[in-house]
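Enquirer: Quick one, input03.cif (mmCIF, C-alpha atoms):
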data_input
#
loop_
_atom_site.label_atom_id
_atom_site.label_comp_id
_atom_site.auth_asym_id
_atom_site.auth_seq_id
_atom_site.Cartn_x
_atom_site.Cartn_y
_atom_site.Cartn_z
CA ASN A 1 148.49 -22.89 11.64
CA ALA A 2 150.68 -25.84 10.75
CA GLY A 3 148.95 -26.26 7.36
CA VAL A 4 149.48 -29.75 5.97
CA THR A 5 151.85 -32.04 7.81
CA GLN A 6 153.08 -35.51 6.91
CA THR A 7 154.52 -38.27 9.05
CA PRO A 8 157.12 -39.69 8.66
CA LYS A 9 159.49 -37.59 6.54
CA PHE A 10 161.65 -40.54 5.54
CA ARG A 11 161.25 -44.31 5.68
CA VAL A 12 163.08 -47.36 4.39
CA LEU A 13 161.09 -50.58 4.07
CA LYS A 14 161.91 -54.09 2.99
CA THR A 15 159.82 -55.73 0.28
CA GLY A 16 156.65 -57.14 1.78
CA GLN A 17 156.57 -54.90 4.84
CA SER A 18 153.60 -52.70 5.53
CA MET A 19 153.35 -49.12 6.70
CA THR A 20 150.97 -46.19 7.00
CA LEU A 21 151.68 -42.62 6.02
CA LEU A 22 149.77 -39.98 7.96
CA CYS A 23 148.60 -36.66 6.57
CA ALA A 24 147.03 -34.05 8.80
CA GLN A 25 145.60 -30.62 7.98
CA ASP A 26 144.33 -27.92 10.31
CA MET A 27 142.55 -25.76 7.72
CA ASN A 28 139.17 -27.52 7.94
CA HIS A 29 139.48 -28.58 4.30
CA GLU A 30 136.97 -31.03 2.88
CA TYR A 31 139.19 -32.42 0.14
CA MET A 32 142.41 -34.36 0.69
CA TYR A 33 144.74 -36.06 -1.79
CA TRP A 34 147.69 -38.42 -1.95
CA TYR A 35 150.19 -38.07 -4.83
CA ARG A 36 153.43 -39.75 -5.73
CA GLN A 37 156.33 -38.04 -7.46
CA ASP A 38 158.76 -40.08 -9.54
CA PRO A 39 161.69 -38.86 -11.68
CA GLY A 40 160.54 -37.81 -15.13
CA MET A 41 156.88 -38.06 -14.16
CA GLY A 42 154.41 -35.45 -13.07
CA LEU A 43 152.63 -35.68 -9.76
CA ARG A 44 150.29 -38.65 -10.02
CA LEU A 45 147.17 -38.98 -7.95
CA ILE A 46 146.90 -42.17 -5.90
CA HIS A 47 143.67 -41.68 -3.95
CA TYR A 48 141.63 -38.74 -2.82
CA SER A 49 138.78 -37.91 -0.48
CA VAL A 50 135.99 -35.38 -0.85
CA GLY A 51 134.95 -35.54 2.78
CA GLU A 52 135.13 -37.46 6.02
CA GLY A 53 134.34 -41.11 5.48
CA THR A 54 134.69 -40.98 1.69
CA THR A 55 137.57 -42.03 -0.58
CA ALA A 56 138.05 -42.45 -4.32
CA LYS A 57 140.70 -43.91 -6.61
CA GLY A 58 143.03 -41.72 -8.56
CA GLU A 59 145.31 -42.51 -11.47
CA VAL A 60 147.61 -45.03 -9.73
CA PRO A 61 145.70 -46.65 -6.83
CA ASP A 62 147.00 -50.24 -7.06
CA GLY A 63 148.94 -51.41 -4.01
CA TYR A 64 147.61 -48.63 -1.77
CA ASN A 65 144.66 -48.20 0.55
CA VAL A 66 143.41 -45.06 2.25
CA SER A 67 141.11 -44.04 5.06
CA ARG A 68 139.52 -40.76 6.11
CA LEU A 69 138.00 -41.47 9.49
CA LYS A 70 138.48 -37.90 10.69
CA LYS A 71 138.13 -34.79 8.55
CA GLN A 72 141.61 -33.56 9.41
CA ASN A 73 143.45 -36.84 8.70
CA PHE A 74 144.03 -38.85 5.54
CA LEU A 75 145.99 -42.09 5.88
CA LEU A 76 147.79 -43.90 3.07
CA GLY A 77 148.57 -47.56 3.64
CA LEU A 78 150.92 -49.93 1.88
CA GLU A 79 149.96 -53.48 2.81
CA SER A 80 152.89 -55.23 1.14
CA ALA A 81 155.51 -52.80 -0.07
CA ALA A 82 157.21 -53.34 -3.43
CA PRO A 83 160.34 -51.68 -4.88
CA SER A 84 158.07 -50.00 -7.47
CA GLN A 85 156.56 -48.01 -4.61
CA THR A 86 159.85 -46.26 -3.94
CA SER A 87 158.86 -42.64 -4.41
CA VAL A 88 158.23 -39.31 -2.77
CA TYR A 89 154.68 -39.09 -1.49
CA PHE A 90 152.87 -35.78 -1.16
CA CYS A 91 149.64 -35.12 0.63
CA ALA A 92 147.50 -32.11 -0.25
CA SER A 93 144.23 -30.58 0.86
CA SER A 94 141.79 -28.03 -0.50
CA TYR A 95 138.59 -26.35 0.53
CA GLY A 96 136.79 -27.38 -2.63
CA GLN A 97 137.25 -28.60 -6.20
CA LEU A 98 137.91 -25.13 -7.56
CA ASN A 99 140.28 -24.07 -4.79
CA GLU A 100 144.04 -24.22 -4.67
CA GLN A 101 145.60 -27.27 -3.12
CA PHE A 102 147.97 -26.94 -0.18
CA PHE A 103 150.76 -29.47 -0.13
CA GLY A 104 152.59 -31.13 2.72
CA PRO A 105 156.40 -31.41 2.86
CA GLY A 106 156.50 -34.92 1.41
CA THR A 107 157.57 -38.37 2.60
CA ARG A 108 160.53 -40.03 0.94
CA LEU A 109 159.96 -43.80 0.90
CA THR A 110 162.50 -46.37 -0.22
CA VAL A 111 161.53 -50.01 -0.61
CA LEU A 112 164.46 -52.41 -0.78
CA ILE B 1 144.40 -40.62 -17.97
CA LEU B 2 144.22 -37.13 -19.42
CA ASN B 3 147.25 -35.75 -21.21
CA VAL B 4 148.49 -32.46 -19.86
CA GLU B 5 151.51 -31.31 -21.82
CA GLN B 6 153.90 -28.56 -20.79
CA SER B 7 156.55 -26.92 -22.91
CA PRO B 8 159.35 -26.31 -22.88
CA GLN B 9 160.61 -28.99 -20.52
CA SER B 10 163.31 -26.63 -19.25
CA LEU B 11 164.37 -23.06 -19.77
CA HIS B 12 167.47 -21.09 -18.88
CA VAL B 13 167.22 -17.28 -19.00
CA GLN B 14 169.23 -14.31 -17.81
CA GLU B 15 168.07 -12.06 -15.01
CA GLY B 16 165.76 -9.42 -16.42
CA ASP B 17 164.52 -11.52 -19.35
CA SER B 18 160.81 -12.09 -19.73
CA THR B 19 159.68 -15.61 -20.44
CA ASN B 20 156.60 -17.72 -20.96
CA PHE B 21 155.57 -21.36 -20.79
CA THR B 22 152.73 -23.31 -22.33
CA CYS B 23 150.31 -25.82 -20.86
CA SER B 24 147.99 -27.75 -23.19
CA PHE B 25 145.08 -29.86 -22.01
CA PRO B 26 141.92 -31.52 -23.32
CA SER B 27 139.44 -28.85 -24.38
CA SER B 28 136.33 -30.93 -23.78
CA ASN B 29 134.62 -31.14 -20.38
CA PHE B 30 136.93 -28.47 -18.97
CA TYR B 31 136.44 -27.57 -15.32
CA ALA B 32 139.57 -25.81 -14.00
CA LEU B 33 143.25 -25.20 -14.67
CA HIS B 34 145.77 -24.74 -11.86
CA TRP B 35 149.31 -23.36 -11.92
CA TYR B 36 151.79 -24.23 -9.17
CA ARG B 37 155.33 -23.14 -8.43
CA TRP B 38 157.68 -25.79 -7.03
CA GLU B 39 161.04 -24.80 -5.63
CA THR B 40 163.70 -27.42 -5.03
CA ALA B 41 163.41 -29.12 -1.62
CA LYS B 42 160.03 -27.48 -1.00
CA SER B 43 156.40 -28.33 -1.72
CA PRO B 44 154.33 -27.04 -4.65
CA GLU B 45 152.64 -23.71 -3.98
CA ALA B 46 149.59 -22.50 -5.84
CA LEU B 47 149.89 -19.55 -8.19
CA PHE B 48 146.52 -19.46 -9.94
CA VAL B 49 143.28 -21.37 -10.34
CA MET B 50 141.50 -20.49 -13.57
CA THR B 51 138.05 -21.55 -14.64
CA LEU B 52 136.68 -19.27 -17.35
CA ASN B 53 137.67 -19.03 -21.00
CA GLY B 54 139.60 -15.80 -21.46
CA ASP B 55 140.56 -15.65 -17.79
CA GLU B 56 143.68 -13.64 -17.01
CA LYS B 57 145.29 -13.75 -13.59
CA LYS B 58 148.23 -11.77 -12.23
CA LYS B 59 150.39 -12.00 -9.14
CA GLY B 60 153.27 -9.55 -9.10
CA ARG B 61 155.45 -10.21 -12.15
CA ILE B 62 153.71 -13.48 -12.95
CA SER B 63 150.55 -13.69 -15.04
CA ALA B 64 148.55 -16.40 -16.78
CA THR B 65 145.96 -16.63 -19.52
CA LEU B 66 143.47 -19.35 -20.33
CA ASN B 67 141.89 -20.55 -23.57
CA THR B 68 139.52 -23.41 -22.82
CA LYS B 69 138.17 -23.69 -26.36
CA GLU B 70 141.56 -24.57 -27.84
CA GLY B 71 142.91 -26.15 -24.66
CA TYR B 72 145.93 -24.10 -23.64
CA SER B 73 147.18 -21.76 -20.95
CA TYR B 74 150.23 -19.50 -20.92
CA LEU B 75 152.25 -18.49 -17.88
CA TYR B 76 154.30 -15.32 -18.24
CA ILE B 77 157.11 -14.04 -16.03
CA LYS B 78 158.14 -10.44 -16.61
CA GLY B 79 161.69 -9.44 -15.74
CA SER B 80 162.81 -12.83 -14.38
CA GLN B 81 164.77 -12.84 -11.14
CA PRO B 82 167.01 -15.63 -9.73
CA GLU B 83 164.36 -16.29 -7.06
CA ASP B 84 161.94 -17.23 -9.86
CA SER B 85 164.02 -20.35 -10.48
CA ALA B 86 161.67 -23.27 -9.89
CA THR B 87 159.57 -25.85 -11.67
CA TYR B 88 156.21 -24.55 -12.82
CA LEU B 89 153.43 -27.11 -12.91
CA CYS B 90 150.06 -26.88 -14.54
CA ALA B 91 147.21 -29.19 -13.63
CA TYR B 92 143.89 -29.76 -15.36
CA THR B 93 140.64 -31.01 -13.98
CA GLY B 94 137.68 -32.03 -16.07
CA ARG B 95 134.09 -32.92 -15.46
CA ASP B 96 134.73 -36.41 -16.81
CA SER B 97 137.78 -37.13 -14.62
CA GLY B 98 136.13 -37.16 -11.23
CA TYR B 99 137.28 -33.58 -10.71
CA ALA B 100 140.74 -34.87 -9.83
CA LEU B 101 143.79 -32.84 -10.85
CA ASN B 102 145.98 -34.19 -13.66
CA PHE B 103 149.43 -32.65 -13.51
CA GLY B 104 151.82 -31.97 -16.34
CA LYS B 105 155.51 -32.80 -15.91
CA GLY B 106 156.39 -29.16 -15.44
CA THR B 107 158.70 -26.57 -16.93
CA SER B 108 161.97 -26.15 -15.07
CA LEU B 109 163.12 -22.52 -15.09
CA LEU B 110 166.64 -21.42 -14.20
CA VAL B 111 167.34 -17.69 -13.96
CA THR B 112 170.99 -16.72 -13.72
CA PRO B 113 172.32 -13.31 -12.66
#
Let me see the file written as structure tokens.
Expert:
Amino acid sequence: NAGVTQTPKFRVLKTGQSMTLLCAQDMNHEYMYWYRQDPGMGLRLIHYSVGEGTTAKGEVPDGYNVSRLKKQNFLLGLESAAPSQTSVYFCASSYGQLNEQFFGPGTRLTVL
Amino acid sequence: ILNVEQSPQSLHVQEGDSTNFTCSFPSSNFYALHWYRWETAKSPEALFVMTLNGDEKKKGRISATLNTKEGYSYLYIKGSQPEDSATYLCAYTGRDSGYALNFGKGTSLLVTP
């Protein structure tokens, strides 16, 4: 099992460019999450999904959109990247609300 | 936004010392408390998920307790080893927060030989 994978691992964008981060899990988990990690901050939830076709906003959703068209994939989109979105992005998945979350390796994004 | 506070922010101990960290969280509408271990250049890995007041969990030399009525959890490491060096995160989820996890900023532990 690959667990949770993220694509790409690194990316540099210019302000205003768009991109999509892909998260994939092969554990048949219902729940998937996108977090961002910034220096001096805890992991902050951007968006999450409790099942295929459903998404919900987390703590810091502005500037991001997500889609969960397939159970195993959770996409995070930046329509018009801003320097404030420079961060490390982690995807996670879990079987249920009371189950441990499994994290991907992270995507380091720099917006110039 | 729910405040999850962890203390201390960082800790430096000698190999063989026992240590403990604190996580405090809102005591109302409690649903679950998670502990994760995060090594440098890796991803967070789950240690415990705790749901009941008075819960105690143990994994090897690491254990955790939970007090939902007063809103705190302790993580204990007995006989710290250099490989225990990592950041330890706690995360709270409540019934009034959409069941999403709210992470603390973590306690950074360094164990030197």
Enquirer: Return as a ChimeraX atom specification the set of residues that the PyMOL selection byres ((chain A and resi 96) around 12) yields on the displayed structure.
Expert: /A:27-33,49-51,92-95,97-102 /B:32,49,99-100
Enquirer: Pull out every residue of chain A that has at least one atom within 6 Å of chain B, counting all atoms listed in the file, and report them as a list in words.
Expert: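 Here is what falls inside 6 Å: Met41, Gly42, Leu43, Glu100, Phe103 and Pro105 of chain A.
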Enquirer: Expand the PyMOL selection byres ((chain B and resi 73) around 6) into the individual residues it matches in the shown file, reporting them as a list of chain:residue names.
Expert: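 Applying the expression gives B:Thr22, B:Cys23, B:Thr65, B:Leu66, B:Tyr72, B:Tyr74.
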Enquirer: To one decimal in Å, tell me the separation between CA of Leu76 in chain A and CA of Ala24 in chain A.
Expert: 11.4 Å
Enquirer: I need the residue set behind the PyMOL selection byres ((chain A and resi 13) around 9) for this file; please write it as a short mmCIF file (atom, residue, chain, number, x, y, z; two decimals) with C-alpha atoms, in the frame of the given file.
Expert:
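What ended up in result-v8.cif:
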data_model
loop_
_atom_site.label_atom_id
_atom_site.label_comp_id
_atom_site.auth_asym_id
_atom_site.auth_seq_id
_atom_site.Cartn_x
_atom_site.Cartn_y
_atom_site.Cartn_z
CA ARG A 11 161.25 -44.31 5.68
CA VAL A 12 163.08 -47.36 4.39
CA LYS A 14 161.91 -54.09 2.99
CA THR A 15 159.82 -55.73 0.28
CA GLY A 16 156.65 -57.14 1.78
CA GLN A 17 156.57 -54.90 4.84
CA SER A 18 153.60 -52.70 5.53
CA MET A 19 153.35 -49.12 6.70
CA ALA A 81 155.51 -52.80 -0.07
CA ALA A 82 157.21 -53.34 -3.43
CA LEU A 109 159.96 -43.80 0.90
CA THR A 110 162.50 -46.37 -0.22
CA VAL A 111 161.53 -50.01 -0.61
CA LEU A 112 164.46 -52.41 -0.78
#
Enquirer: Provide the CA of Lys59 in chain B to CA of Val111 in chain B distance in Å, to one decimal place.
Expert: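 CA of Lys59 in chain B sits 18.5 Å away from CA of Val111 in chain B.
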Enquirer: Excluding Asp38 in chain A and its own-chain neighbours fewer than 6 positions away, which residues fall within 9 Å of it when counting all atoms listed in the file? Please give them as a list in words.
Expert: Arg44, Thr86, Ser87 and Val88 of chain A
Enquirer: State, in Å with one decimal place, the distance from CA of Thr20 in chain A to CA of Gln85 in chain A.
Expert: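 Between CA of Thr20 in chain A and CA of Gln85 in chain A the gap is 13.0 Å.
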Enquirer: Using all atoms listed in the file, which protein or nucleic acid residues come within 8 Å of range 13-19 of chain B? Drop anything in the same chain fewer than 2 positions from it, and give the result as a list of chain:residue names.
Expert: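 Contacts, with the query itself left out: B:Leu11, B:Phe21, B:Tyr76, B:Ile77, B:Lys78, B:Gly79, B:Ser80, B:Gln81, B:Pro82, B:Leu109, B:Leu110, B:Val111, B:Thr112, B:Pro113.
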Enquirer: Which one of A:Asn65, A:Asn73, A:Ser80, A:Thr55 sits closest to Thr7 in chain A if you count only C-alpha atoms?
Expert: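 Of the candidates, the smallest distance to Thr7 in chain A is held by A:Asn73.
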Enquirer: Counting only C-alpha atoms, figure out which residue out of A:Tyr89, A:Tyr64, A:Val4, A:Leu45 gets nearest to Thr107 in chain A.
Expert: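 Between A:Tyr89, A:Tyr64, A:Val4, A:Leu45, the residue approaching Thr107 in chain A most closely is A:Tyr89.
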Enquirer: Nearest to Thr107 in chain B among B:His12, B:Ala64, B:Asp55, B:Asn3, with distances taken over all atoms listed in the file: which residue is it?
Expert: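 For Thr107 in chain B, the nearest of the given residues is B:His12.
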Enquirer: Reconstruct range 35-46 of chain B at the level of all heavy atoms, and format the result as an mmCIF file, in the coordinates of the input.
Expert:
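Contents of the output file out.cif:
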data_model
loop_
_atom_site.group_PDB
_atom_site.id
_atom_site.type_symbol
_atom_site.label_atom_id
_atom_site.label_comp_id
_atom_site.auth_asym_id
_atom_site.auth_seq_id
_atom_site.Cartn_x
_atom_site.Cartn_y
_atom_site.Cartn_z
ATOM 1 N N TRP B 35 147.866 -23.538 -11.776
ATOM 2 C CA TRP B 35 149.310 -23.360 -11.920
ATOM 3 C C TRP B 35 149.952 -23.383 -10.529
ATOM 4 O O TRP B 35 149.461 -22.722 -9.598
ATOM 5 C CB TRP B 35 149.650 -22.032 -12.595
ATOM 6 C CG TRP B 35 149.494 -22.025 -14.086
ATOM 7 C CD1 TRP B 35 148.456 -21.527 -14.814
ATOM 8 C CD2 TRP B 35 150.442 -22.519 -15.041
ATOM 9 N NE1 TRP B 35 148.677 -21.681 -16.161
ATOM 10 C CE2 TRP B 35 149.903 -22.287 -16.333
ATOM 11 C CE3 TRP B 35 151.698 -23.127 -14.959
ATOM 12 C CZ2 TRP B 35 150.557 -22.647 -17.505
ATOM 13 C CZ3 TRP B 35 152.354 -23.485 -16.121
ATOM 14 C CH2 TRP B 35 151.790 -23.239 -17.375
ATOM 15 N N TYR B 36 151.055 -24.138 -10.422
ATOM 16 C CA TYR B 36 151.790 -24.230 -9.170
ATOM 17 C C TYR B 36 153.258 -23.937 -9.424
ATOM 18 O O TYR B 36 153.797 -24.244 -10.492
ATOM 19 C CB TYR B 36 151.671 -25.634 -8.550
ATOM 20 C CG TYR B 36 150.296 -25.937 -8.014
ATOM 21 C CD1 TYR B 36 149.288 -26.396 -8.854
ATOM 22 C CD2 TYR B 36 149.997 -25.746 -6.668
ATOM 23 C CE1 TYR B 36 148.025 -26.643 -8.371
ATOM 24 C CE2 TYR B 36 148.729 -26.002 -6.175
ATOM 25 C CZ TYR B 36 147.750 -26.447 -7.036
ATOM 26 O OH TYR B 36 146.484 -26.694 -6.557
ATOM 27 N N ARG B 37 153.900 -23.409 -8.397
ATOM 28 C CA ARG B 37 155.330 -23.140 -8.430
ATOM 29 C C ARG B 37 155.992 -24.080 -7.428
ATOM 30 O O ARG B 37 155.571 -24.155 -6.260
ATOM 31 C CB ARG B 37 155.583 -21.682 -8.044
ATOM 32 C CG ARG B 37 157.009 -21.247 -8.048
ATOM 33 C CD ARG B 37 157.057 -19.717 -7.860
ATOM 34 N NE ARG B 37 158.404 -19.230 -7.818
ATOM 35 C CZ ARG B 37 159.134 -19.127 -6.723
ATOM 36 N NH1 ARG B 37 158.601 -19.488 -5.566
ATOM 37 N NH2 ARG B 37 160.355 -18.689 -6.776
ATOM 38 N N TRP B 38 157.047 -24.787 -7.870
ATOM 39 C CA TRP B 38 157.680 -25.790 -7.030
ATOM 40 C C TRP B 38 159.160 -25.550 -6.980
ATOM 41 O O TRP B 38 159.891 -25.850 -7.928
ATOM 42 C CB TRP B 38 157.379 -27.185 -7.585
ATOM 43 C CG TRP B 38 157.664 -28.302 -6.661
ATOM 44 C CD1 TRP B 38 158.240 -28.231 -5.419
ATOM 45 C CD2 TRP B 38 157.397 -29.677 -6.891
ATOM 46 N NE1 TRP B 38 158.315 -29.485 -4.869
ATOM 47 C CE2 TRP B 38 157.805 -30.393 -5.755
ATOM 48 C CE3 TRP B 38 156.831 -30.388 -7.955
ATOM 49 C CZ2 TRP B 38 157.672 -31.764 -5.636
ATOM 50 C CZ3 TRP B 38 156.705 -31.753 -7.845
ATOM 51 C CH2 TRP B 38 157.120 -32.429 -6.695
ATOM 52 N N GLU B 39 159.609 -25.014 -5.839
ATOM 53 C CA GLU B 39 161.040 -24.800 -5.630
ATOM 54 C C GLU B 39 161.692 -26.071 -5.127
ATOM 55 O O GLU B 39 161.060 -26.863 -4.410
ATOM 56 C CB GLU B 39 161.265 -23.683 -4.619
ATOM 57 C CG GLU B 39 160.871 -22.306 -5.105
ATOM 58 C CD GLU B 39 161.169 -21.251 -4.055
ATOM 59 O OE1 GLU B 39 162.359 -20.920 -3.846
ATOM 60 O OE2 GLU B 39 160.210 -20.777 -3.428
ATOM 61 N N THR B 40 162.941 -26.239 -5.443
ATOM 62 C CA THR B 40 163.700 -27.420 -5.030
ATOM 63 C C THR B 40 163.664 -27.554 -3.510
ATOM 64 O O THR B 40 163.817 -26.570 -2.788
ATOM 65 C CB THR B 40 165.151 -27.299 -5.502
ATOM 66 O OG1 THR B 40 165.148 -27.150 -6.925
ATOM 67 C CG2 THR B 40 165.945 -28.536 -5.138
ATOM 68 N N ALA B 41 163.446 -28.770 -3.051
ATOM 69 C CA ALA B 41 163.410 -29.120 -1.620
ATOM 70 C C ALA B 41 162.218 -28.508 -0.877
ATOM 71 O O ALA B 41 162.184 -28.522 0.354
ATOM 72 C CB ALA B 41 164.699 -28.711 -0.914
ATOM 73 N N LYS B 42 161.260 -27.994 -1.628
ATOM 74 C CA LYS B 42 160.030 -27.480 -1.000
ATOM 75 C C LYS B 42 158.832 -28.189 -1.593
ATOM 76 O O LYS B 42 158.972 -29.130 -2.379
ATOM 77 C CB LYS B 42 159.931 -25.969 -1.218
ATOM 78 C CG LYS B 42 161.010 -25.165 -0.503
ATOM 79 C CD LYS B 42 160.722 -23.677 -0.600
ATOM 80 C CE LYS B 42 161.768 -22.886 0.166
ATOM 81 N NZ LYS B 42 161.492 -21.417 0.090
ATOM 82 N N SER B 43 157.636 -27.757 -1.199
ATOM 83 C CA SER B 43 156.400 -28.330 -1.720
ATOM 84 C C SER B 43 155.804 -27.389 -2.756
ATOM 85 O O SER B 43 156.060 -26.185 -2.727
ATOM 86 C CB SER B 43 155.392 -28.538 -0.587
ATOM 87 O OG SER B 43 155.936 -29.325 0.431
ATOM 88 N N PRO B 44 154.995 -27.921 -3.667
ATOM 89 C CA PRO B 44 154.330 -27.040 -4.650
ATOM 90 C C PRO B 44 153.464 -26.005 -3.950
ATOM 91 O O PRO B 44 152.804 -26.303 -2.957
ATOM 92 C CB PRO B 44 153.480 -28.013 -5.473
ATOM 93 C CG PRO B 44 154.118 -29.342 -5.291
ATOM 94 C CD PRO B 44 154.676 -29.337 -3.899
ATOM 95 N N GLU B 45 153.480 -24.786 -4.495
ATOM 96 C CA GLU B 45 152.640 -23.710 -3.980
ATOM 97 C C GLU B 45 151.780 -23.169 -5.107
ATOM 98 O O GLU B 45 152.266 -22.947 -6.210
ATOM 99 C CB GLU B 45 153.490 -22.588 -3.389
ATOM 100 C CG GLU B 45 154.231 -22.968 -2.129
ATOM 101 C CD GLU B 45 154.984 -21.800 -1.523
ATOM 102 O OE1 GLU B 45 155.115 -20.772 -2.204
ATOM 103 O OE2 GLU B 45 155.436 -21.926 -0.370
ATOM 104 N N ALA B 46 150.516 -22.949 -4.810
ATOM 105 C CA ALA B 46 149.590 -22.500 -5.840
ATOM 106 C C ALA B 46 149.882 -21.077 -6.306
ATOM 107 O O ALA B 46 150.194 -20.201 -5.493
ATOM 108 C CB ALA B 46 148.156 -22.594 -5.325
#
